[in-house]
Each structure stands twice: as structure tokens, then as C-alpha cells.
file query_26.tsv (TSV, C-alpha atoms and all ligand atoms)
chain	number	residue	atom	x	y	z
Z	16	MET	CA	28.56	-60.30	-5.07
Z	17	THR	CA	29.43	-62.47	-2.15
Z	18	PHE	CA	27.96	-61.33	1.12
Z	19	GLU	CA	30.15	-61.09	4.18
Z	20	LEU	CA	29.25	-61.31	7.83
Z	21	PRO	CA	29.28	-57.64	8.90
Z	22	PRO	CA	31.43	-56.88	11.94
Z	23	LEU	CA	29.65	-56.55	15.28
Z	24	PRO	CA	29.51	-52.91	16.43
Z	25	TYR	CA	30.89	-54.00	19.85
Z	26	ASP	CA	32.85	-56.81	21.47
Z	27	LEU	CA	31.20	-60.25	21.88
Z	28	ALA	CA	31.15	-59.74	25.67
Z	29	ALA	CA	30.02	-56.09	25.54
Z	30	LEU	CA	26.36	-56.80	26.33
Z	31	GLU	CA	27.10	-58.79	29.49
Z	32	PRO	CA	25.54	-59.39	31.94
Z	33	HIS	CA	22.35	-59.09	29.87
Z	34	ILE	CA	23.52	-61.19	26.93
Z	35	SER	CA	26.49	-63.46	27.60
Z	36	ARG	CA	29.57	-63.76	25.45
Z	37	LYS	CA	28.65	-67.41	24.91
Z	38	THR	CA	25.22	-66.48	23.51
Z	39	MET	CA	26.77	-63.83	21.27
Z	40	GLN	CA	29.38	-66.27	20.04
Z	41	PHE	CA	26.77	-68.81	19.00
Z	42	HIS	CA	24.25	-66.25	17.81
Z	43	TYR	CA	26.57	-64.01	15.81
Z	44	GLU	CA	29.20	-66.43	14.60
Z	45	LYS	CA	27.20	-69.64	14.15
Z	46	TYR	CA	23.64	-68.49	13.41
Z	47	HIS	CA	24.18	-65.15	11.68
Z	48	GLY	CA	27.37	-66.42	10.04
Z	49	GLY	CA	25.48	-69.52	8.94
Z	50	TYR	CA	22.70	-67.52	7.26
Z	51	VAL	CA	25.23	-65.44	5.33
Z	52	SER	CA	27.22	-68.42	4.16
Z	53	LYS	CA	24.11	-70.42	3.22
Z	54	LEU	CA	22.78	-67.42	1.27
Z	55	ASN	CA	26.04	-67.24	-0.69
Z	56	ASP	CA	25.75	-70.94	-1.55
Z	57	LEU	CA	22.11	-70.56	-2.62
Z	58	ILE	CA	22.58	-67.54	-4.88
Z	59	ASP	CA	25.86	-68.62	-6.46
Z	60	GLY	CA	25.54	-68.30	-10.24
Z	61	THR	CA	22.15	-66.50	-10.11
Z	62	ASP	CA	21.09	-62.90	-10.77
Z	63	TYR	CA	20.70	-62.44	-7.02
Z	64	THR	CA	24.49	-62.02	-6.78
Z	65	LYS	CA	24.09	-58.62	-8.48
Z	66	MET	CA	21.54	-57.32	-5.97
Z	67	PRO	CA	21.72	-55.72	-2.55
Z	68	LEU	CA	20.27	-57.77	0.30
Z	69	GLU	CA	17.03	-55.71	0.49
Z	70	GLU	CA	16.28	-56.42	-3.16
Z	71	ILE	CA	16.90	-60.14	-2.73
Z	72	ILE	CA	14.47	-60.11	0.21
Z	73	ARG	CA	11.76	-58.32	-1.79
Z	74	ARG	CA	12.18	-60.42	-4.93
Z	75	SER	CA	12.27	-63.80	-3.22
Z	76	ALA	CA	9.42	-63.10	-0.75
Z	77	GLY	CA	6.45	-65.39	-1.36
Z	78	LYS	CA	7.95	-66.87	-4.55
Z	79	PRO	CA	7.60	-70.61	-5.09
Z	80	GLY	CA	10.99	-72.30	-4.85
Z	81	GLN	CA	12.63	-69.20	-3.38
Z	82	GLN	CA	11.81	-69.78	0.28
Z	83	ALA	CA	15.35	-70.77	1.25
Z	84	VAL	CA	16.82	-67.71	-0.48
Z	85	PHE	CA	14.28	-65.50	1.27
Z	86	ASN	CA	14.84	-67.10	4.67
Z	87	ASN	CA	18.61	-66.77	4.59
Z	88	ALA	CA	18.65	-63.27	3.04
Z	89	ALA	CA	16.08	-61.97	5.53
Z	90	GLN	CA	17.81	-63.61	8.49
Z	91	ALA	CA	21.14	-62.09	7.36
Z	92	TRP	CA	19.48	-58.63	7.22
Z	93	ASN	CA	17.48	-59.05	10.44
Z	94	HIS	CA	20.52	-60.01	12.51
Z	95	THR	CA	22.67	-57.11	11.30
Z	96	PHE	CA	19.76	-54.82	12.13
Z	97	PHE	CA	19.37	-56.40	15.58
Z	98	TRP	CA	23.08	-56.01	16.47
Z	99	ASN	CA	23.05	-52.40	15.34
Z	100	ASN	CA	19.99	-51.52	17.39
Z	101	MET	CA	21.65	-52.62	20.64
Z	102	THR	CA	24.37	-50.87	22.64
Z	103	PRO	CA	26.37	-51.60	25.78
Z	104	LYS	CA	25.97	-47.94	26.82
Z	105	LEU	CA	23.84	-47.63	29.94
Z	106	GLY	CA	21.01	-45.18	30.29
Z	107	ASN	CA	20.31	-44.83	26.60
Z	108	MET	CA	16.74	-43.54	26.45
Z	109	PRO	CA	14.55	-42.16	23.66
Z	110	LYS	CA	14.88	-38.38	23.50
Z	111	GLY	CA	13.45	-35.41	21.66
Z	112	ALA	CA	11.22	-36.07	18.65
Z	113	LEU	CA	11.45	-39.85	19.06
Z	114	ALA	CA	10.30	-39.69	22.69
Z	115	THR	CA	7.36	-37.52	21.61
Z	116	CYS	CA	6.46	-39.90	18.75
Z	117	LEU	CA	6.48	-42.89	21.14
Z	118	GLN	CA	4.30	-41.01	23.60
Z	119	ASP	CA	1.84	-39.98	20.87
Z	120	ALA	CA	1.62	-43.50	19.47
Z	121	PHE	CA	1.47	-45.54	22.68
Z	122	GLY	CA	0.44	-43.10	25.42
Z	123	SER	CA	3.68	-43.41	27.38
Z	124	TYR	CA	7.07	-45.02	27.21
Z	125	ASP	CA	6.00	-47.63	29.77
Z	126	GLU	CA	2.97	-48.48	27.65
Z	127	PHE	CA	5.22	-48.87	24.60
Z	128	ARG	CA	7.38	-51.32	26.57
Z	129	GLU	CA	4.29	-53.21	27.76
Z	130	GLN	CA	2.86	-53.54	24.24
Z	131	PHE	CA	6.24	-54.56	22.77
Z	132	THR	CA	6.60	-57.26	25.44
Z	133	GLN	CA	3.08	-58.56	24.85
Z	134	SER	CA	3.65	-58.71	21.11
Z	135	ALA	CA	6.88	-60.67	21.67
Z	136	LEU	CA	5.11	-63.10	24.01
Z	137	ASN	CA	2.20	-63.56	21.62
Z	138	GLN	CA	4.52	-64.53	18.76
Z	139	PHE	CA	4.10	-68.31	18.77
Z	140	GLY	CA	7.40	-70.05	18.02
Z	141	SER	CA	10.31	-68.32	16.31
Z	142	GLY	CA	10.24	-64.78	15.00
Z	143	TRP	CA	10.93	-61.10	15.52
Z	144	THR	CA	9.17	-58.25	17.29
Z	145	TRP	CA	9.46	-54.85	15.61
Z	146	LEU	CA	8.82	-51.18	16.07
Z	147	VAL	CA	7.99	-50.01	12.55
Z	148	LEU	CA	6.91	-46.91	10.73
Z	149	ASP	CA	3.73	-47.88	8.87
Z	150	LYS	CA	2.99	-44.95	6.58
Z	151	ASP	CA	2.96	-42.12	9.14
Z	152	ASP	CA	2.33	-44.17	12.25
Z	153	LEU	CA	4.57	-46.00	14.66
Z	154	ALA	CA	3.39	-49.56	15.24
Z	155	ILE	CA	4.51	-52.71	17.04
Z	156	ILE	CA	4.29	-55.94	15.09
Z	157	SER	CA	5.69	-59.45	15.35
Z	158	THR	CA	6.62	-61.62	12.40
Z	159	PRO	CA	7.20	-65.39	12.24
Z	160	ASN	CA	10.52	-67.03	11.35
Z	161	ALA	CA	12.54	-64.80	8.98
Z	162	GLU	CA	9.68	-62.51	7.86
Z	163	ASN	CA	10.67	-58.88	7.50
Z	164	PRO	CA	8.36	-55.81	7.48
Z	165	LEU	CA	10.21	-54.34	4.47
Z	166	VAL	CA	8.25	-56.77	2.30
Z	167	ASP	CA	4.98	-55.08	3.34
Z	168	GLY	CA	6.32	-51.57	2.81
Z	169	LYS	CA	6.82	-50.91	6.51
Z	170	ILE	CA	10.04	-49.30	7.73
Z	171	PRO	CA	11.79	-51.19	10.53
Z	172	LEU	CA	13.00	-48.92	13.35
Z	173	LEU	CA	13.81	-51.48	16.06
Z	174	THR	CA	13.74	-55.25	16.41
Z	175	CYS	CA	14.15	-57.94	19.04
Z	176	ASP	CA	15.04	-61.47	18.02
Z	177	VAL	CA	12.63	-63.83	19.79
Z	178	TRP	CA	13.97	-67.09	18.37
Z	179	GLU	CA	14.93	-69.32	21.30
Z	180	HIS	CA	18.56	-69.27	20.14
Z	181	ALA	CA	18.61	-65.55	21.09
Z	182	TYR	CA	18.01	-66.20	24.78
Z	183	TYR	CA	17.98	-69.89	25.69
Z	184	LEU	CA	21.55	-70.11	27.05
Z	185	ASP	CA	21.01	-67.06	29.31
Z	186	TYR	CA	17.30	-67.15	30.11
Z	187	GLN	CA	16.21	-70.72	29.21
Z	188	ASN	CA	12.50	-70.55	28.34
Z	189	GLN	CA	11.95	-67.10	29.90
Z	190	ARG	CA	11.27	-65.05	26.78
Z	191	LYS	CA	9.52	-62.40	28.86
Z	192	THR	CA	12.60	-61.75	31.03
Z	193	PHE	CA	14.79	-61.54	27.93
Z	194	VAL	CA	12.48	-59.06	26.17
Z	195	GLU	CA	12.11	-56.94	29.32
Z	196	THR	CA	15.91	-56.90	29.70
Z	197	PHE	CA	16.28	-55.91	26.04
Z	198	LEU	CA	13.82	-53.04	26.55
Z	199	ALA	CA	15.34	-51.87	29.84
Z	200	HIS	CA	19.06	-52.13	29.10
Z	201	LEU	CA	20.06	-52.85	25.53
Z	202	ILE	CA	18.31	-50.62	22.99
Z	203	ASN	CA	20.40	-48.12	21.09
Z	204	TRP	CA	17.77	-45.36	20.92
Z	205	ASP	CA	20.17	-43.09	19.04
Z	206	SER	CA	20.15	-45.54	16.14
Z	207	VAL	CA	16.33	-45.74	16.25
Z	208	ALA	CA	16.12	-41.92	16.18
Z	209	ALA	CA	18.53	-41.79	13.25
Z	210	ARG	CA	16.39	-44.29	11.31
Z	211	LEU	CA	13.21	-42.38	12.01
Z	212	GLN	CA	14.85	-39.19	10.84
Z	213	LYS	CA	15.96	-40.81	7.57
Z	214	ALA	CA	12.61	-42.47	6.83
Z	215	PRO	CA	11.14	-43.12	4.32
Z	216	GLN	CA	14.39	-43.29	2.39
Z	217	LEU	CA	15.71	-45.95	4.72
Z	218	GLU	CA	16.53	-49.24	3.05
Z	219	THR	CA	19.84	-50.48	4.32
Z	220	VAL	CA	21.27	-51.41	7.68
D	301	MN3	MN	18.75	-64.96	15.81
call {"tool": "encode", "arguments": {"input": "query_26.tsv", "output": "C-alpha cells"}}
result
Amino acid sequence: MTFELPPLPYDLAALEPHISRKTMQFHYEKYHGGYVSKLNDLIDGTDYTKMPLEEIIRRSAGKPGQQAVFNNAAQAWNHTFFWNNMTPKLGNMPKGALATCLQDAFGSYDEFREQFTQSALNQFGSGWTWLVLDKDDLAIISTPNAENPLVDGKIPLLTCDVWEHAYYLDYQNQRKTFVETFLAHLINWDSVAARLQKAPQLETV
């Protein structure tokens, strides 16, 4: 199987003014597109071509000589997940059972946002900040580079890309402003709720 760059769920300019069309063009077409095409080159002629992306991620994780396969497969998955957990719709807030779960786990929605921001700021260098389901508990974690919580049996519910390429054109070195903007304006909480509802069967994006 040859992987294809999945279509964005909205127009390249749809997240403006929070994420510019220029950032999306580089991030989606060059970076995400690059991971997908590099993955196809790396797995050409191997058994990986018969597997879904999640299985490639699990099988290549931590294996000697498989780091490049893992990195490109995980980055392909992570970016699709990231695009799908954002929306240009304003005023999208967690509701119902999800709002209650966030309150139970973090005390309040504001506290959730505070802890998510701190986790993103504490991630040294490139990586991802996640809201995950870890067994029965919601948790916030950050992972370096391409690392994905699926490998540790956690279920990703939400992620923010904190590689500099995600925000440098719009926010320069201000990761905090980018993450706060993501939390305030860009999250598609309906997609997070749908993932939580489907857990633990969730595997694909
Ligand atoms: Mn990225």
C-alpha cells in the first residue's frame, strides 16, 4: 500500500488569523506531505506496505534500524490527527460528558488549559502535547520528536504540534502564545468527544 496525504478537513486559510495560510501551506504540504512521501520511499518493497499506519508505528517503535520508518510513520499519523482536531468554527467548547470528564480530571477547564500549556512549554525542543486516555484516566503528556502515545497503550484524544515549524512564521519563538491560541480558538471539541466515546476501540484517525 502506498500512503497518500489525506485531504485537510478545511481550506488552507480557514484557521486564519490564528494560523496563517502560509504556515498551513508549509506545514501541511511540505512537512506533512514530506513525511508521507518519505515513508513510502522507506517501506517500498517491505512487509510494512501491507500494514495500516498504526501497525507500522507499533512495529517500528524502538527497533534498531527502524527509526526512520517510525519517525515518518508517526509524523504522518500525528499530523492527520492534529488537522482533524482543529476547526475554524468559533465557540467550540467541550460539552456534556467530556466537559464533566475534564472537570473531574483537572479541577476546571481553565486548569486543564493551564496544565496543557505548561506541558507544552516544558517540552524541550520539538514534540507534541497530548490529552490522552490512560486506562480510565484523562492525562496530559508531552512527547519528543515523532513519539506517539499509541506505542505506550494510551489513547490520543487531542494533540498540539509544538515543533517550531508549527508556529514560527506566525508567532516566531512564542510557543506559549501559539499554544494558548490553539486552546482558546482552534480545538474541535466535537472530535475529541467522539474519540472519547469510541475509546478504547479507537485506533485510526
Ligand atoms: Mn508539524
call {"tool": "closest_residue", "arguments": {"input": "query_26.tsv", "among": "Z:Phe139, Z:Trp145, Z:Trp178, Z:Tyr183", "to": "Pro164 (chain Z)", "atoms": "all atoms listed in the file"}}
result
Z:Trp145
call {"tool": "closest_residue", "arguments": {"input": "query_26.tsv", "among": "Z:Ser134, Z:Ser75, Z:Ser141, Z:Thr17", "to": "ligand MN3 301 (chain D)", "atoms": "all atoms listed in the file"}}
result
Z:Ser141
call {"tool": "residues_near_ligand", "arguments": {"input": "query_26.tsv", "ligand": "ligand MN3 301 (chain D)", "cutoff": "10 Å", "atoms": "only C-alpha atoms and all ligand atoms", "output": "tab-separated table (two decimals) with C-alpha atoms, in the frame of the given file"}}
result
chain	number	residue	atom	x	y	z
Z	39	MET	CA	26.77	-63.83	21.27
Z	41	PHE	CA	26.77	-68.81	19.00
Z	42	HIS	CA	24.25	-66.25	17.81
Z	43	TYR	CA	26.57	-64.01	15.81
Z	45	LYS	CA	27.20	-69.64	14.15
Z	46	TYR	CA	23.64	-68.49	13.41
Z	47	HIS	CA	24.18	-65.15	11.68
Z	50	TYR	CA	22.70	-67.52	7.26
Z	90	GLN	CA	17.81	-63.61	8.49
Z	91	ALA	CA	21.14	-62.09	7.36
Z	93	ASN	CA	17.48	-59.05	10.44
Z	94	HIS	CA	20.52	-60.01	12.51
Z	95	THR	CA	22.67	-57.11	11.30
Z	97	PHE	CA	19.37	-56.40	15.58
Z	98	TRP	CA	23.08	-56.01	16.47
Z	141	SER	CA	10.31	-68.32	16.31
Z	142	GLY	CA	10.24	-64.78	15.00
Z	143	TRP	CA	10.93	-61.10	15.52
Z	160	ASN	CA	10.52	-67.03	11.35
Z	161	ALA	CA	12.54	-64.80	8.98
Z	175	CYS	CA	14.15	-57.94	19.04
Z	176	ASP	CA	15.04	-61.47	18.02
Z	177	VAL	CA	12.63	-63.83	19.79
Z	178	TRP	CA	13.97	-67.09	18.37
Z	179	GLU	CA	14.93	-69.32	21.30
Z	180	HIS	CA	18.56	-69.27	20.14
Z	181	ALA	CA	18.61	-65.55	21.09
Z	182	TYR	CA	18.01	-66.20	24.78
call {"tool": "residues_around", "arguments": {"input": "query_26.tsv", "residues": "region 59-68 of chain Z", "least_positions_apart": "5", "cutoff": "12 Å", "atoms": "only C-alpha atoms", "output": "ChimeraX atom specification"}}
result
/Z:16-19,51-54,73-75,81,84-93,95,165,218-220
call {"tool": "residues_near_point", "arguments": {"input": "query_26.tsv", "point": "(10.2, -51.5, 4.8)", "cutoff": "9 Å", "atoms": "all atoms listed in the file", "output": "PyMOL selection string"}}
result
chain Z and resi 147-149+163-171+215+217-218
call {"tool": "atom_distance", "arguments": {"input": "query_26.tsv", "atom1": "CA of Glu126 (chain Z)", "atom2": "CA of Ile155 (chain Z)"}}
result
11.5 Å
call {"tool": "residues_around", "arguments": {"input": "query_26.tsv", "residues": "Asp26 (chain Z)", "least_positions_apart": "3", "cutoff": "10 Å", "atoms": "all atoms listed in the file", "output": "list of chain:residue names"}}
result
Z:Pro22, Z:Leu23, Z:Ala29, Z:Leu30, Z:Arg36, Z:Met39, Z:Pro103
call {"tool": "write_last_selection", "arguments": {"input": "query_26.tsv", "atoms": "C-alpha atoms", "output": "mmCIF file, in the coordinates of the input"}}
result
data_model
loop_
_atom_site.group_PDB
_atom_site.id
_atom_site.type_symbol
_atom_site.label_atom_id
_atom_site.label_comp_id
_atom_site.auth_asym_id
_atom_site.auth_seq_id
_atom_site.Cartn_x
_atom_site.Cartn_y
_atom_site.Cartn_z
ATOM 1 C CA PRO Z 22 31.430 -56.880 11.940
ATOM 2 C CA LEU Z 23 29.650 -56.550 15.280
ATOM 3 C CA ALA Z 29 30.020 -56.090 25.540
ATOM 4 C CA LEU Z 30 26.360 -56.800 26.330
ATOM 5 C CA ARG Z 36 29.570 -63.760 25.450
ATOM 6 C CA MET Z 39 26.770 -63.830 21.270
ATOM 7 C CA PRO Z 103 26.370 -51.600 25.780
#
call {"tool": "axis_aligned_box", "arguments": {"input": "query_26.tsv", "around": "region 145-155 of chain Z", "padding_each_side": "4 Å", "output": "AutoDock Vina command-line options"}}
result
--center_x 5.9 --center_y -48.5 --center_z 11.8 --size_x 15.1 --size_y 20.7 --size_z 18.5
call {"tool": "closest_residue", "arguments": {"input": "query_26.tsv", "among": "Z:Pro21, Z:Ala83, Z:Leu146, Z:Leu172", "to": "Glu44 (chain Z)", "atoms": "only C-alpha atoms"}}
result
Z:Pro21
call {"tool": "build_atoms", "arguments": {"input": "query_26.tsv", "residues": "region 94-105 of chain Z", "atoms": "all heavy atoms", "output": "CSV table (one decimal), in the coordinates of the input"}}
result
chain,number,residue,atom,x,y,z
Z,94,HIS,N,19.5,-59.9,11.4
Z,94,HIS,CA,20.5,-60.0,12.5
Z,94,HIS,C,21.4,-58.8,12.5
Z,94,HIS,O,21.7,-58.3,13.6
Z,94,HIS,CB,21.3,-61.3,12.4
Z,94,HIS,CG,20.6,-62.5,13.0
Z,94,HIS,ND1,19.7,-63.2,12.2
Z,94,HIS,CD2,20.5,-63.0,14.2
Z,94,HIS,CE1,19.2,-64.2,13.0
Z,94,HIS,NE2,19.6,-64.0,14.2
Z,95,THR,N,21.8,-58.3,11.3
Z,95,THR,CA,22.7,-57.1,11.3
Z,95,THR,C,21.9,-55.9,11.9
Z,95,THR,O,22.4,-55.2,12.7
Z,95,THR,CB,23.0,-56.8,9.8
Z,95,THR,OG1,23.8,-57.9,9.3
Z,95,THR,CG2,23.9,-55.5,9.8
Z,96,PHE,N,20.6,-55.9,11.6
Z,96,PHE,CA,19.8,-54.8,12.1
Z,96,PHE,C,19.7,-54.9,13.7
Z,96,PHE,O,19.8,-53.9,14.4
Z,96,PHE,CB,18.4,-54.9,11.5
Z,96,PHE,CG,17.5,-53.8,11.7
Z,96,PHE,CD1,17.6,-52.6,11.0
Z,96,PHE,CD2,16.5,-53.9,12.7
Z,96,PHE,CE1,16.7,-51.6,11.3
Z,96,PHE,CE2,15.6,-52.9,13.0
Z,96,PHE,CZ,15.7,-51.7,12.3
Z,97,PHE,N,19.5,-56.1,14.1
Z,97,PHE,CA,19.4,-56.4,15.6
Z,97,PHE,C,20.6,-56.0,16.3
Z,97,PHE,O,20.6,-55.3,17.3
Z,97,PHE,CB,19.1,-57.9,15.8
Z,97,PHE,CG,18.9,-58.4,17.2
Z,97,PHE,CD1,18.1,-57.7,18.1
Z,97,PHE,CD2,19.6,-59.5,17.6
Z,97,PHE,CE1,17.9,-58.2,19.4
Z,97,PHE,CE2,19.4,-60.0,18.9
Z,97,PHE,CZ,18.6,-59.3,19.8
Z,98,TRP,N,21.8,-56.4,15.8
Z,98,TRP,CA,23.1,-56.0,16.5
Z,98,TRP,C,23.2,-54.5,16.5
Z,98,TRP,O,23.6,-53.9,17.5
Z,98,TRP,CB,24.3,-56.6,15.8
Z,98,TRP,CG,24.3,-58.1,15.5
Z,98,TRP,CD1,24.7,-58.7,14.3
Z,98,TRP,CD2,23.9,-59.1,16.4
Z,98,TRP,NE1,24.5,-60.0,14.4
Z,98,TRP,CE2,24.0,-60.3,15.6
Z,98,TRP,CE3,23.4,-59.2,17.7
Z,98,TRP,CZ2,23.8,-61.6,16.2
Z,98,TRP,CZ3,23.1,-60.4,18.2
Z,98,TRP,CH2,23.3,-61.6,17.5
Z,99,ASN,N,22.9,-53.8,15.4
Z,99,ASN,CA,23.0,-52.4,15.3
Z,99,ASN,C,22.1,-51.6,16.2
Z,99,ASN,O,22.3,-50.4,16.5
Z,99,ASN,CB,23.0,-51.9,13.9
Z,99,ASN,CG,24.2,-52.4,13.1
Z,99,ASN,OD1,25.2,-52.6,13.7
Z,99,ASN,ND2,24.1,-52.5,11.8
Z,100,ASN,N,20.9,-52.3,16.5
Z,100,ASN,CA,20.0,-51.5,17.4
Z,100,ASN,C,20.1,-51.9,18.9
Z,100,ASN,O,19.3,-51.5,19.7
Z,100,ASN,CB,18.6,-51.6,16.9
Z,100,ASN,CG,17.8,-52.9,17.2
Z,100,ASN,OD1,16.8,-53.2,16.5
Z,100,ASN,ND2,18.1,-53.6,18.2
Z,101,MET,N,21.3,-52.5,19.2
Z,101,MET,CA,21.6,-52.6,20.6
Z,101,MET,C,23.0,-51.9,20.9
Z,101,MET,O,23.8,-51.6,20.0
Z,101,MET,CB,21.8,-54.1,21.0
Z,101,MET,CG,20.5,-54.8,20.9
Z,101,MET,SD,20.6,-56.5,21.7
Z,101,MET,CE,21.5,-57.4,20.5
Z,102,THR,N,23.1,-51.6,22.2
Z,102,THR,CA,24.4,-50.9,22.6
Z,102,THR,C,24.7,-51.3,24.1
Z,102,THR,O,23.8,-51.5,24.9
Z,102,THR,CB,24.2,-49.3,22.6
Z,102,THR,OG1,25.4,-48.7,23.1
Z,102,THR,CG2,23.0,-48.8,23.4
Z,103,PRO,N,26.0,-51.4,24.4
Z,103,PRO,CA,26.4,-51.6,25.8
Z,103,PRO,C,26.3,-50.4,26.6
Z,103,PRO,O,26.5,-50.4,27.9
Z,103,PRO,CB,27.8,-52.1,25.7
Z,103,PRO,CG,28.3,-51.6,24.4
Z,103,PRO,CD,27.1,-51.4,23.5
Z,104,LYS,N,26.0,-49.2,26.0
Z,104,LYS,CA,26.0,-47.9,26.8
Z,104,LYS,C,24.7,-47.9,27.7
Z,104,LYS,O,23.6,-48.1,27.3
Z,104,LYS,CB,25.9,-46.7,25.9
Z,104,LYS,CG,27.2,-46.3,25.4
Z,104,LYS,CD,27.1,-44.9,24.8
Z,104,LYS,CE,26.5,-44.9,23.5
Z,104,LYS,NZ,26.3,-43.6,22.9
Z,105,LEU,N,25.0,-47.7,29.0
Z,105,LEU,CA,23.8,-47.6,29.9
Z,105,LEU,C,23.1,-46.3,29.8
Z,105,LEU,O,23.6,-45.3,29.4
Z,105,LEU,CB,24.4,-47.8,31.4
Z,105,LEU,CG,24.9,-49.2,31.8
Z,105,LEU,CD1,25.5,-49.1,33.1
Z,105,LEU,CD2,23.8,-50.2,31.7
